[in-house]
Amino acid sequence: MFGTPDLRGRFSFPYEVKHLPRTSPKRINSYPLDWEYITIHNALEENFDATQEYERLSNPENLSIHATHILVDEHGAIEVIPLNENVWSCGDGDRGPGNRTSISITLCIKSDMNKVVSNTAEIISYLVWSKGYDISRIKQHNVWNGKNCPRFLRKNGGMGWSNLLAETAVELDKLINTDPYSKKPM
């Protein structure tokens with residue numbers, strides 16, 4: 001399997017690593033992932049923060065295989081699945097490029113959408129920078145299967161989506177223009 005980066009301490013907010021157990025239905029049928037895209041989702045439950053969404057995903061009674069790699073809210077982020085394993089979150093089948101070639105990031109918007117977008121932009125910019133990619137690698141869940149997701153960012157003519165891409169571009173530019181040895185890529 002490809003190496004798993006440790007993103008703790010890289011951002012202006014707390015980043016926790018709380019991987020679901022290898023025996024979880026969300027990880028049992030996973031494949032190695034050398035990602036090419038980042039797919040953005042919103043939490044299944046409205047008004048859930050990252051901790052509440054993690055609790056929903058990790059509940060032993062939740063037998064669904066659907067998962068995400070990273071949950072982001074206004075306070076920080078939780079890595080749920082290692083970034084070198086695929087997750088079943090894009091609805092494009094077992095060979096679909098969403099499920100098989102992308103990291104999934106789920107926005108948990110309980111109160112401050114702008115802060116969630118800022119935190120997400122920081123994570124995305126680091127990930128794309130670490131691979132030498134640009135923001136064209138960022139996709140909405142909608143691209144893979146037509147679902148209205150991330151619905152919060154797609155509202156009002158996609159204004160939230162535009163904001164996420166713009167903030168990510170600014171953060172990416174900061175990384176590109178800093179000392180390349182200040183933060184080692186994955």
# chains A, B, ... in the order shown; residues from 1 in each chain; ligands from 1
>>> residues_around(residues="A:Asn114", least_positions_apart="2", cutoff="12 Å", atoms="only C-alpha atoms", output="MDAnalysis selection string")
chainID A and resid 72:75 107:112 116:121 152:153 159:161 163:164 167
>>> select_by_dssp(residues="chain A", states="strand (DSSP E)", output="MDAnalysis selection string")
chainID A and resid 15:17 37:42 70:72 77:79 102:107 138:140
>>> write_last_selection(atoms="N, CA, C and O atoms", output="short mmCIF file (atom, residue, chain, number, x, y, z; two decimals), in the first residue's frame")
data_model
loop_
_atom_site.label_atom_id
_atom_site.label_comp_id
_atom_site.auth_asym_id
_atom_site.auth_seq_id
_atom_site.Cartn_x
_atom_site.Cartn_y
_atom_site.Cartn_z
N TYR A 15 -6.18 18.67 13.92
CA TYR A 15 -6.41 17.59 12.95
C TYR A 15 -6.18 16.29 13.71
O TYR A 15 -5.05 15.97 14.09
N GLU A 16 -7.27 15.55 13.95
CA GLU A 16 -7.19 14.29 14.69
C GLU A 16 -7.15 13.12 13.72
O GLU A 16 -7.80 13.15 12.67
N VAL A 17 -6.44 12.08 14.08
CA VAL A 17 -6.46 10.83 13.33
C VAL A 17 -7.17 9.81 14.22
O VAL A 17 -6.67 9.42 15.26
N TYR A 37 -7.71 12.68 -7.27
CA TYR A 37 -8.71 13.73 -7.08
C TYR A 37 -9.06 13.85 -5.61
O TYR A 37 -8.79 12.96 -4.81
N ILE A 38 -9.70 14.97 -5.29
CA ILE A 38 -10.29 15.16 -3.97
C ILE A 38 -11.77 15.44 -4.21
O ILE A 38 -12.12 16.35 -4.97
N THR A 39 -12.63 14.64 -3.60
CA THR A 39 -14.07 14.79 -3.77
C THR A 39 -14.66 15.39 -2.51
O THR A 39 -14.40 14.93 -1.40
N ILE A 40 -15.46 16.43 -2.71
CA ILE A 40 -16.07 17.15 -1.59
C ILE A 40 -17.53 16.73 -1.42
O ILE A 40 -18.30 16.69 -2.39
N HIS A 41 -17.88 16.43 -0.18
CA HIS A 41 -19.24 16.01 0.20
C HIS A 41 -19.73 16.91 1.33
O HIS A 41 -18.96 17.65 1.92
N ASN A 42 -21.02 16.79 1.64
CA ASN A 42 -21.50 17.36 2.89
C ASN A 42 -22.02 16.21 3.75
O ASN A 42 -22.35 15.14 3.24
N ILE A 70 -11.95 12.25 5.46
CA ILE A 70 -11.75 13.34 6.41
C ILE A 70 -13.07 14.06 6.65
O ILE A 70 -13.78 14.40 5.71
N LEU A 71 -13.38 14.29 7.91
CA LEU A 71 -14.54 15.11 8.32
C LEU A 71 -14.00 16.46 8.75
O LEU A 71 -13.04 16.53 9.51
N VAL A 72 -14.63 17.54 8.28
CA VAL A 72 -14.16 18.89 8.61
C VAL A 72 -15.33 19.70 9.15
O VAL A 72 -16.41 19.70 8.57
N ALA A 77 -10.62 18.96 12.14
CA ALA A 77 -10.85 17.86 11.22
C ALA A 77 -10.53 16.53 11.89
O ALA A 77 -9.71 16.47 12.81
N ILE A 78 -11.20 15.49 11.41
CA ILE A 78 -10.96 14.12 11.89
C ILE A 78 -10.71 13.24 10.67
O ILE A 78 -11.55 13.17 9.77
N GLU A 79 -9.57 12.57 10.65
CA GLU A 79 -9.28 11.60 9.59
C GLU A 79 -9.86 10.26 10.03
O GLU A 79 -9.46 9.71 11.05
N SER A 102 -10.13 8.90 -5.57
CA SER A 102 -10.22 10.20 -4.89
C SER A 102 -10.25 10.07 -3.38
O SER A 102 -10.75 9.09 -2.84
N ILE A 103 -9.70 11.09 -2.76
CA ILE A 103 -9.84 11.27 -1.31
C ILE A 103 -11.17 11.98 -1.11
O ILE A 103 -11.48 12.95 -1.81
N SER A 104 -11.97 11.49 -0.17
CA SER A 104 -13.25 12.12 0.12
C SER A 104 -13.15 12.97 1.38
O SER A 104 -12.68 12.49 2.42
N ILE A 105 -13.59 14.21 1.25
CA ILE A 105 -13.62 15.13 2.38
C ILE A 105 -15.07 15.55 2.59
O ILE A 105 -15.73 16.00 1.64
N THR A 106 -15.56 15.39 3.81
CA THR A 106 -16.96 15.70 4.12
C THR A 106 -17.02 16.93 5.00
O THR A 106 -16.40 16.98 6.07
N LEU A 107 -17.79 17.92 4.55
CA LEU A 107 -18.00 19.14 5.31
C LEU A 107 -19.15 18.94 6.28
O LEU A 107 -20.23 18.50 5.89
N ILE A 138 -9.98 19.08 -7.72
CA ILE A 138 -11.03 19.13 -6.71
C ILE A 138 -12.37 18.93 -7.40
O ILE A 138 -12.71 19.66 -8.34
N LYS A 139 -13.15 17.97 -6.94
CA LYS A 139 -14.43 17.63 -7.57
C LYS A 139 -15.56 17.66 -6.56
O LYS A 139 -15.37 17.36 -5.39
N GLN A 140 -16.73 17.99 -7.04
CA GLN A 140 -17.94 17.83 -6.23
C GLN A 140 -18.40 16.38 -6.35
O GLN A 140 -18.25 15.77 -7.41
#
>>> residues_around(residues="stretch 82-89 of chain A", least_positions_apart="6", cutoff="9 Å", atoms="only C-alpha atoms", output="PDB file with all heavy atoms, in the first residue's frame")
ATOM      1  N   MET A   1       0.834  -1.185   0.000  1.00  0.00           N
ATOM      2  CA  MET A   1       0.000   0.000   0.000  1.00  0.00           C
ATOM      3  C   MET A   1       0.874   1.241   0.000  1.00  0.00           C
ATOM      4  O   MET A   1       1.980   1.230   0.479  1.00  0.00           O
ATOM      5  CB  MET A   1      -0.909  -0.007   1.231  1.00  0.00           C
ATOM      6  CG  MET A   1      -2.349  -0.093   0.854  1.00  0.00           C
ATOM      7  SD  MET A   1      -3.460   0.242   2.201  1.00  0.00           S
ATOM      8  CE  MET A   1      -4.680  -0.955   1.758  1.00  0.00           C
ATOM      9  N   PHE A   2       0.329   2.316  -0.515  1.00  0.00           N
ATOM     10  CA  PHE A   2       1.045   3.585  -0.567  1.00  0.00           C
ATOM     11  C   PHE A   2       1.161   4.157   0.839  1.00  0.00           C
ATOM     12  O   PHE A   2       0.355   3.878   1.705  1.00  0.00           O
ATOM     13  CB  PHE A   2       0.295   4.550  -1.491  1.00  0.00           C
ATOM     14  CG  PHE A   2       0.046   3.961  -2.846  1.00  0.00           C
ATOM     15  CD1 PHE A   2      -1.190   3.438  -3.174  1.00  0.00           C
ATOM     16  CD2 PHE A   2       1.060   3.903  -3.782  1.00  0.00           C
ATOM     17  CE1 PHE A   2      -1.418   2.870  -4.417  1.00  0.00           C
ATOM     18  CE2 PHE A   2       0.847   3.338  -5.024  1.00  0.00           C
ATOM     19  CZ  PHE A   2      -0.391   2.815  -5.351  1.00  0.00           C
ATOM     20  N   GLY A   3       2.156   4.988   1.072  1.00  0.00           N
ATOM     21  CA  GLY A   3       2.371   5.577   2.383  1.00  0.00           C
ATOM     22  C   GLY A   3       1.207   6.445   2.833  1.00  0.00           C
ATOM     23  O   GLY A   3       0.513   7.044   2.018  1.00  0.00           O
ATOM     24  N   THR A   4       0.985   6.478   4.119  1.00  0.00           N
ATOM     25  CA  THR A   4      -0.070   7.305   4.685  1.00  0.00           C
ATOM     26  C   THR A   4       0.567   8.529   5.329  1.00  0.00           C
ATOM     27  O   THR A   4       1.346   8.398   6.263  1.00  0.00           O
ATOM     28  CB  THR A   4      -0.872   6.538   5.759  1.00  0.00           C
ATOM     29  OG1 THR A   4      -1.403   5.367   5.173  1.00  0.00           O
ATOM     30  CG2 THR A   4      -1.991   7.367   6.313  1.00  0.00           C
ATOM     31  N   PRO A   5       0.248   9.722   4.835  1.00  0.00           N
ATOM     32  CA  PRO A   5       0.834  10.920   5.425  1.00  0.00           C
ATOM     33  C   PRO A   5       0.233  11.207   6.795  1.00  0.00           C
ATOM     34  O   PRO A   5      -0.911  10.869   7.062  1.00  0.00           O
ATOM     35  CB  PRO A   5       0.439  12.023   4.439  1.00  0.00           C
ATOM     36  CG  PRO A   5      -0.852  11.532   3.855  1.00  0.00           C
ATOM     37  CD  PRO A   5      -0.699  10.032   3.768  1.00  0.00           C
ATOM     38  N   VAL A  17      -6.440  12.078  14.081  1.00  0.00           N
ATOM     39  CA  VAL A  17      -6.465  10.825  13.334  1.00  0.00           C
ATOM     40  C   VAL A  17      -7.170   9.807  14.216  1.00  0.00           C
ATOM     41  O   VAL A  17      -6.667   9.423  15.264  1.00  0.00           O
ATOM     42  CB  VAL A  17      -5.038  10.362  12.969  1.00  0.00           C
ATOM     43  CG1 VAL A  17      -5.074   8.999  12.306  1.00  0.00           C
ATOM     44  CG2 VAL A  17      -4.364  11.392  12.070  1.00  0.00           C
ATOM     45  N   HIS A  19      -8.829   6.601  13.015  1.00  0.00           N
ATOM     46  CA  HIS A  19      -9.223   5.643  11.989  1.00  0.00           C
ATOM     47  C   HIS A  19     -10.207   4.620  12.536  1.00  0.00           C
ATOM     48  O   HIS A  19     -10.037   4.129  13.658  1.00  0.00           O
ATOM     49  CB  HIS A  19      -8.007   4.918  11.424  1.00  0.00           C
ATOM     50  CG  HIS A  19      -7.101   5.820  10.664  1.00  0.00           C
ATOM     51  ND1 HIS A  19      -5.767   5.551  10.472  1.00  0.00           N
ATOM     52  CD2 HIS A  19      -7.319   6.995  10.017  1.00  0.00           C
ATOM     53  CE1 HIS A  19      -5.211   6.505   9.757  1.00  0.00           C
ATOM     54  NE2 HIS A  19      -6.137   7.401   9.482  1.00  0.00           N
ATOM     55  N   LEU A  20     -11.210   4.336  11.722  1.00  0.00           N
ATOM     56  CA  LEU A  20     -12.130   3.265  12.069  1.00  0.00           C
ATOM     57  C   LEU A  20     -11.351   1.959  12.074  1.00  0.00           C
ATOM     58  O   LEU A  20     -10.358   1.810  11.337  1.00  0.00           O
ATOM     59  CB  LEU A  20     -13.262   3.189  11.044  1.00  0.00           C
ATOM     60  CG  LEU A  20     -14.190   4.410  10.973  1.00  0.00           C
ATOM     61  CD1 LEU A  20     -15.201   4.238   9.844  1.00  0.00           C
ATOM     62  CD2 LEU A  20     -14.893   4.645  12.288  1.00  0.00           C
ATOM     63  N   LYS A  26     -16.834  -0.235   6.744  1.00  0.00           N
ATOM     64  CA  LYS A  26     -16.369   0.862   5.893  1.00  0.00           C
ATOM     65  C   LYS A  26     -14.950   0.638   5.376  1.00  0.00           C
ATOM     66  O   LYS A  26     -14.509   1.321   4.461  1.00  0.00           O
ATOM     67  CB  LYS A  26     -16.457   2.183   6.649  1.00  0.00           C
ATOM     68  CG  LYS A  26     -17.904   2.642   6.795  1.00  0.00           C
ATOM     69  CD  LYS A  26     -18.119   3.332   8.104  1.00  0.00           C
ATOM     70  CE  LYS A  26     -19.565   3.624   8.379  1.00  0.00           C
ATOM     71  NZ  LYS A  26     -20.435   2.461   8.439  1.00  0.00           N
ATOM     72  N   ARG A  27     -14.233  -0.336   5.969  1.00  0.00           N
ATOM     73  CA  ARG A  27     -12.846  -0.594   5.552  1.00  0.00           C
ATOM     74  C   ARG A  27     -12.611  -2.010   5.046  1.00  0.00           C
ATOM     75  O   ARG A  27     -11.603  -2.254   4.389  1.00  0.00           O
ATOM     76  CB  ARG A  27     -11.900  -0.331   6.727  1.00  0.00           C
ATOM     77  CG  ARG A  27     -11.819   1.130   7.099  1.00  0.00           C
ATOM     78  CD  ARG A  27     -10.776   1.396   8.134  1.00  0.00           C
ATOM     79  NE  ARG A  27      -9.437   1.144   7.630  1.00  0.00           N
ATOM     80  CZ  ARG A  27      -8.367   1.087   8.415  1.00  0.00           C
ATOM     81  NH1 ARG A  27      -8.483   1.254   9.713  1.00  0.00           N
ATOM     82  NH2 ARG A  27      -7.174   0.862   7.889  1.00  0.00           N
ATOM     83  N   ASN A  29     -13.719  -3.876   2.624  1.00  0.00           N
ATOM     84  CA  ASN A  29     -13.565  -4.096   1.187  1.00  0.00           C
ATOM     85  C   ASN A  29     -12.809  -2.971   0.493  1.00  0.00           C
ATOM     86  O   ASN A  29     -13.049  -2.682  -0.668  1.00  0.00           O
ATOM     87  CB  ASN A  29     -14.944  -4.275   0.537  1.00  0.00           C
ATOM     88  CG  ASN A  29     -15.624  -5.523   1.028  1.00  0.00           C
ATOM     89  OD1 ASN A  29     -15.020  -6.583   1.081  1.00  0.00           O
ATOM     90  ND2 ASN A  29     -16.870  -5.405   1.427  1.00  0.00           N
ATOM     91  N   SER A  30     -11.884  -2.353   1.190  1.00  0.00           N
ATOM     92  CA  SER A  30     -11.166  -1.235   0.580  1.00  0.00           C
ATOM     93  C   SER A  30      -9.985  -1.732  -0.251  1.00  0.00           C
ATOM     94  O   SER A  30      -9.501  -2.848  -0.081  1.00  0.00           O
ATOM     95  CB  SER A  30     -10.690  -0.257   1.651  1.00  0.00           C
ATOM     96  OG  SER A  30      -9.747  -0.867   2.487  1.00  0.00           O
ATOM     97  N   TYR A  31      -9.569  -0.878  -1.164  1.00  0.00           N
ATOM     98  CA  TYR A  31      -8.430  -1.136  -2.044  1.00  0.00           C
ATOM     99  C   TYR A  31      -7.348  -0.108  -1.752  1.00  0.00           C
ATOM    100  O   TYR A  31      -7.639   0.980  -1.238  1.00  0.00           O
ATOM    101  CB  TYR A  31      -8.842  -0.991  -3.515  1.00  0.00           C
ATOM    102  CG  TYR A  31      -9.803  -2.040  -3.990  1.00  0.00           C
ATOM    103  CD1 TYR A  31     -11.175  -1.813  -3.969  1.00  0.00           C
ATOM    104  CD2 TYR A  31      -9.345  -3.260  -4.476  1.00  0.00           C
ATOM    105  CE1 TYR A  31     -12.063  -2.770  -4.419  1.00  0.00           C
ATOM    106  CE2 TYR A  31     -10.223  -4.232  -4.929  1.00  0.00           C
ATOM    107  CZ  TYR A  31     -11.589  -3.978  -4.897  1.00  0.00           C
ATOM    108  OH  TYR A  31     -12.468  -4.931  -5.338  1.00  0.00           O
ATOM    109  N   PRO A  32      -6.109  -0.393  -2.140  1.00  0.00           N
ATOM    110  CA  PRO A  32      -5.062   0.634  -2.014  1.00  0.00           C
ATOM    111  C   PRO A  32      -5.434   1.849  -2.857  1.00  0.00           C
ATOM    112  O   PRO A  32      -6.039   1.717  -3.927  1.00  0.00           O
ATOM    113  CB  PRO A  32      -3.814  -0.051  -2.576  1.00  0.00           C
ATOM    114  CG  PRO A  32      -4.085  -1.518  -2.474  1.00  0.00           C
ATOM    115  CD  PRO A  32      -5.573  -1.652  -2.654  1.00  0.00           C
ATOM    116  N   LEU A  33      -5.086   3.025  -2.362  1.00  0.00           N
ATOM    117  CA  LEU A  33      -5.438   4.264  -3.052  1.00  0.00           C
ATOM    118  C   LEU A  33      -4.193   5.119  -3.262  1.00  0.00           C
ATOM    119  O   LEU A  33      -3.507   5.479  -2.309  1.00  0.00           O
ATOM    120  CB  LEU A  33      -6.459   5.059  -2.221  1.00  0.00           C
ATOM    121  CG  LEU A  33      -6.855   6.432  -2.757  1.00  0.00           C
ATOM    122  CD1 LEU A  33      -7.618   6.305  -4.072  1.00  0.00           C
ATOM    123  CD2 LEU A  33      -7.701   7.174  -1.729  1.00  0.00           C
ATOM    124  N   ASP A  34      -3.907   5.427  -4.509  1.00  0.00           N
ATOM    125  CA  ASP A  34      -2.930   6.443  -4.877  1.00  0.00           C
ATOM    126  C   ASP A  34      -3.771   7.518  -5.561  1.00  0.00           C
ATOM    127  O   ASP A  34      -3.996   7.482  -6.768  1.00  0.00           O
ATOM    128  CB  ASP A  34      -1.871   5.866  -5.816  1.00  0.00           C
ATOM    129  CG  ASP A  34      -0.785   6.883  -6.157  1.00  0.00           C
ATOM    130  OD1 ASP A  34      -0.646   7.879  -5.423  1.00  0.00           O
ATOM    131  OD2 ASP A  34      -0.093   6.676  -7.168  1.00  0.00           O
ATOM    132  N   TRP A  35      -4.263   8.444  -4.792  1.00  0.00           N
ATOM    133  CA  TRP A  35      -5.321   9.354  -5.236  1.00  0.00           C
ATOM    134  C   TRP A  35      -4.889  10.323  -6.338  1.00  0.00           C
ATOM    135  O   TRP A  35      -3.727  10.704  -6.428  1.00  0.00           O
ATOM    136  CB  TRP A  35      -5.915  10.093  -4.053  1.00  0.00           C
ATOM    137  CG  TRP A  35      -4.959  11.020  -3.364  1.00  0.00           C
ATOM    138  CD1 TRP A  35      -4.087  10.696  -2.358  1.00  0.00           C
ATOM    139  CD2 TRP A  35      -4.765  12.395  -3.637  1.00  0.00           C
ATOM    140  NE1 TRP A  35      -3.363  11.802  -1.997  1.00  0.00           N
ATOM    141  CE2 TRP A  35      -3.767  12.866  -2.768  1.00  0.00           C
ATOM    142  CE3 TRP A  35      -5.339  13.296  -4.528  1.00  0.00           C
ATOM    143  CZ2 TRP A  35      -3.333  14.188  -2.760  1.00  0.00           C
ATOM    144  CZ3 TRP A  35      -4.910  14.612  -4.526  1.00  0.00           C
ATOM    145  CH2 TRP A  35      -3.917  15.036  -3.651  1.00  0.00           C
ATOM    146  N   HIS A  41     -17.880  16.428  -0.175  1.00  0.00           N
ATOM    147  CA  HIS A  41     -19.237  16.007   0.200  1.00  0.00           C
ATOM    148  C   HIS A  41     -19.732  16.907   1.325  1.00  0.00           C
ATOM    149  O   HIS A  41     -18.961  17.649   1.922  1.00  0.00           O
ATOM    150  CB  HIS A  41     -19.223  14.574   0.756  1.00  0.00           C
ATOM    151  CG  HIS A  41     -18.595  13.566  -0.132  1.00  0.00           C
ATOM    152  ND1 HIS A  41     -19.313  12.807  -1.004  1.00  0.00           N
ATOM    153  CD2 HIS A  41     -17.301  13.184  -0.280  1.00  0.00           C
ATOM    154  CE1 HIS A  41     -18.496  11.989  -1.659  1.00  0.00           C
ATOM    155  NE2 HIS A  41     -17.261  12.208  -1.231  1.00  0.00           N
ATOM    156  N   ILE A  65     -21.483   0.589   4.153  1.00  0.00           N
ATOM    157  CA  ILE A  65     -20.080   0.656   3.743  1.00  0.00           C
ATOM    158  C   ILE A  65     -19.670   2.079   3.381  1.00  0.00           C
ATOM    159  O   ILE A  65     -18.501   2.359   3.185  1.00  0.00           O
ATOM    160  CB  ILE A  65     -19.777  -0.289   2.558  1.00  0.00           C
ATOM    161  CG1 ILE A  65     -20.559   0.120   1.308  1.00  0.00           C
ATOM    162  CG2 ILE A  65     -20.015  -1.737   2.931  1.00  0.00           C
ATOM    163  CD1 ILE A  65     -20.092  -0.569   0.035  1.00  0.00           C
ATOM    164  N   HIS A  66     -20.620   2.989   3.274  1.00  0.00           N
ATOM    165  CA  HIS A  66     -20.310   4.366   2.884  1.00  0.00           C
ATOM    166  C   HIS A  66     -19.498   5.066   3.972  1.00  0.00           C
ATOM    167  O   HIS A  66     -19.839   5.002   5.144  1.00  0.00           O
ATOM    168  CB  HIS A  66     -21.596   5.143   2.597  1.00  0.00           C
ATOM    169  CG  HIS A  66     -22.331   4.582   1.419  1.00  0.00           C
ATOM    170  ND1 HIS A  66     -23.368   3.701   1.574  1.00  0.00           N
ATOM    171  CD2 HIS A  66     -22.140   4.745   0.100  1.00  0.00           C
ATOM    172  CE1 HIS A  66     -23.804   3.348   0.380  1.00  0.00           C
ATOM    173  NE2 HIS A  66     -23.075   3.966  -0.537  1.00  0.00           N
ATOM    174  N   ALA A  67     -18.429   5.732   3.542  1.00  0.00           N
ATOM    175  CA  ALA A  67     -17.539   6.409   4.487  1.00  0.00           C
ATOM    176  C   ALA A  67     -16.927   7.631   3.825  1.00  0.00           C
ATOM    177  O   ALA A  67     -17.293   8.006   2.716  1.00  0.00           O
ATOM    178  CB  ALA A  67     -16.450   5.449   4.966  1.00  0.00           C
ATOM    179  N   THR A  68     -15.988   8.227   4.512  1.00  0.00           N
ATOM    180  CA  THR A  68     -15.232   9.366   4.004  1.00  0.00           C
ATOM    181  C   THR A  68     -13.841   9.284   4.593  1.00  0.00           C
ATOM    182  O   THR A  68     -13.618   8.566   5.577  1.00  0.00           O
ATOM    183  CB  THR A  68     -15.932  10.690   4.398  1.00  0.00           C
ATOM    184  OG1 THR A  68     -15.330  11.777   3.698  1.00  0.00           O
ATOM    185  CG2 THR A  68     -15.862  10.945   5.898  1.00  0.00           C
ATOM    186  N   HIS A  69     -12.905   9.993   4.012  1.00  0.00           N
ATOM    187  CA  HIS A  69     -11.556  10.015   4.581  1.00  0.00           C
ATOM    188  C   HIS A  69     -11.448  11.030   5.714  1.00  0.00           C
ATOM    189  O   HIS A  69     -10.897  10.740   6.770  1.00  0.00           O
ATOM    190  CB  HIS A  69     -10.519  10.367   3.507  1.00  0.00           C
ATOM    191  CG  HIS A  69     -10.299   9.272   2.531  1.00  0.00           C
ATOM    192  ND1 HIS A  69     -10.924   9.235   1.304  1.00  0.00           N
ATOM    193  CD2 HIS A  69      -9.527   8.165   2.589  1.00  0.00           C
ATOM    194  CE1 HIS A  69     -10.546   8.153   0.651  1.00  0.00           C
ATOM    195  NE2 HIS A  69      -9.687   7.486   1.410  1.00  0.00           N
ATOM    196  N   ILE A  70     -11.949  12.246   5.463  1.00  0.00           N
ATOM    197  CA  ILE A  70     -11.747  13.337   6.412  1.00  0.00           C
ATOM    198  C   ILE A  70     -13.072  14.056   6.653  1.00  0.00           C
ATOM    199  O   ILE A  70     -13.785  14.403   5.707  1.00  0.00           O
ATOM    200  CB  ILE A  70     -10.707  14.347   5.883  1.00  0.00           C
ATOM    201  CG1 ILE A  70      -9.374  13.655   5.575  1.00  0.00           C
ATOM    202  CG2 ILE A  70     -10.503  15.487   6.883  1.00  0.00           C
ATOM    203  CD1 ILE A  70      -8.375  14.514   4.807  1.00  0.00           C
ATOM    204  N   GLY A  98     -14.452   8.122  -8.950  1.00  0.00           N
ATOM    205  CA  GLY A  98     -14.711   8.794  -7.673  1.00  0.00           C
ATOM    206  C   GLY A  98     -14.348   7.903  -6.505  1.00  0.00           C
ATOM    207  O   GLY A  98     -13.602   8.294  -5.609  1.00  0.00           O
ATOM    208  N   ASN A  99     -14.872   6.677  -6.531  1.00  0.00           N
ATOM    209  CA  ASN A  99     -14.600   5.738  -5.446  1.00  0.00           C
ATOM    210  C   ASN A  99     -13.162   5.237  -5.438  1.00  0.00           C
ATOM    211  O   ASN A  99     -12.596   5.005  -4.381  1.00  0.00           O
ATOM    212  CB  ASN A  99     -15.533   4.525  -5.545  1.00  0.00           C
ATOM    213  CG  ASN A  99     -16.936   4.828  -5.084  1.00  0.00           C
ATOM    214  OD1 ASN A  99     -17.166   5.716  -4.267  1.00  0.00           O
ATOM    215  ND2 ASN A  99     -17.880   4.104  -5.634  1.00  0.00           N
ATOM    216  N   ARG A 100     -12.569   5.061  -6.607  1.00  0.00           N
ATOM    217  CA  ARG A 100     -11.281   4.394  -6.673  1.00  0.00           C
ATOM    218  C   ARG A 100     -10.074   5.311  -6.794  1.00  0.00           C
ATOM    219  O   ARG A 100      -8.946   4.865  -6.621  1.00  0.00           O
ATOM    220  CB  ARG A 100     -11.272   3.394  -7.839  1.00  0.00           C
ATOM    221  CG  ARG A 100     -12.234   2.217  -7.667  1.00  0.00           C
ATOM    222  CD  ARG A 100     -11.899   1.329  -6.487  1.00  0.00           C
ATOM    223  NE  ARG A 100     -10.633   0.651  -6.606  1.00  0.00           N
ATOM    224  CZ  ARG A 100     -10.435  -0.485  -7.229  1.00  0.00           C
ATOM    225  NH1 ARG A 100     -11.440  -1.107  -7.793  1.00  0.00           N
ATOM    226  NH2 ARG A 100      -9.241  -1.008  -7.305  1.00  0.00           N
ATOM    227  N   THR A 101     -10.286   6.618  -7.116  1.00  0.00           N
ATOM    228  CA  THR A 101      -9.118   7.491  -7.305  1.00  0.00           C
ATOM    229  C   THR A 101      -9.229   8.823  -6.575  1.00  0.00           C
ATOM    230  O   THR A 101      -8.524   9.762  -6.912  1.00  0.00           O
ATOM    231  CB  THR A 101      -8.859   7.765  -8.809  1.00  0.00           C
ATOM    232  OG1 THR A 101      -9.944   8.509  -9.347  1.00  0.00           O
ATOM    233  CG2 THR A 101      -8.653   6.483  -9.590  1.00  0.00           C
ATOM    234  N   SER A 102     -10.130   8.903  -5.571  1.00  0.00           N
ATOM    235  CA  SER A 102     -10.219  10.201  -4.893  1.00  0.00           C
ATOM    236  C   SER A 102     -10.253  10.068  -3.375  1.00  0.00           C
ATOM    237  O   SER A 102     -10.753   9.090  -2.836  1.00  0.00           O
ATOM    238  CB  SER A 102     -11.440  10.988  -5.387  1.00  0.00           C
ATOM    239  OG  SER A 102     -12.641  10.461  -4.902  1.00  0.00           O
ATOM    240  N   ILE A 103      -9.698  11.086  -2.756  1.00  0.00           N
ATOM    241  CA  ILE A 103      -9.843  11.270  -1.312  1.00  0.00           C
ATOM    242  C   ILE A 103     -11.170  11.977  -1.112  1.00  0.00           C
ATOM    243  O   ILE A 103     -11.482  12.946  -1.806  1.00  0.00           O
ATOM    244  CB  ILE A 103      -8.695  12.134  -0.749  1.00  0.00           C
ATOM    245  CG1 ILE A 103      -7.398  11.344  -0.752  1.00  0.00           C
ATOM    246  CG2 ILE A 103      -9.032  12.629   0.655  1.00  0.00           C
ATOM    247  CD1 ILE A 103      -6.195  12.128  -0.264  1.00  0.00           C
ATOM    248  N   SER A 104     -11.967  11.492  -0.173  1.00  0.00           N
ATOM    249  CA  SER A 104     -13.250  12.118   0.119  1.00  0.00           C
ATOM    250  C   SER A 104     -13.147  12.965   1.381  1.00  0.00           C
ATOM    251  O   SER A 104     -12.682  12.494   2.416  1.00  0.00           O
ATOM    252  CB  SER A 104     -14.345  11.062   0.290  1.00  0.00           C
ATOM    253  OG  SER A 104     -14.693  10.517  -0.960  1.00  0.00           O
ATOM    254  N   HIS A 141     -18.984  15.858  -5.314  1.00  0.00           N
ATOM    255  CA  HIS A 141     -19.588  14.519  -5.362  1.00  0.00           C
ATOM    256  C   HIS A 141     -20.509  14.427  -6.581  1.00  0.00           C
ATOM    257  O   HIS A 141     -20.559  13.413  -7.275  1.00  0.00           O
ATOM    258  CB  HIS A 141     -20.352  14.282  -4.060  1.00  0.00           C
ATOM    259  CG  HIS A 141     -21.059  12.975  -3.983  1.00  0.00           C
ATOM    260  ND1 HIS A 141     -21.889  12.690  -2.940  1.00  0.00           N
ATOM    261  CD2 HIS A 141     -21.075  11.882  -4.776  1.00  0.00           C
ATOM    262  CE1 HIS A 141     -22.396  11.473  -3.100  1.00  0.00           C
ATOM    263  NE2 HIS A 141     -21.908  10.962  -4.210  1.00  0.00           N
TER     264      HIS A 141
END
>>> closest_residue(among="A:Thr168, A:Asn156, A:Asn148, A:Thr178", to="A:Tyr126", atoms="only C-alpha atoms")
A:Thr168
>>> atom_distance(atom1="atom CA of A:Val128", atom2="atom CA of A:Phe13")
18.6 Å
>>> residues_around(residues="A:Pro21", least_positions_apart="5", cutoff="12 Å", atoms="only C-alpha atoms", output="PyMOL selection string")
chain A and resi 26-28+57-60+80-82
>>> atom_distance(atom1="atom CA of A:Glu122", atom2="atom CA of A:Ser136")
15.7 Å
>>> closest_residue(among="A:Val170, A:Leu44, A:Ile124, A:Cys149", to="A:Arg137", atoms="only C-alpha atoms")
A:Ile124
>>> closest_residue(among="A:Thr23, A:Pro14, A:Glu55, A:Leu172", to="A:Leu127", atoms="only C-alpha atoms")
A:Leu172
>>> atom_distance(atom1="atom CA of A:Arg22", atom2="atom CA of A:Glu45")
24.3 Å
>>> closest_residue(among="A:Asn47, A:Ser12, A:Asn142, A:Ser24", to="A:Glu61", atoms="only C-alpha atoms")
A:Ser24
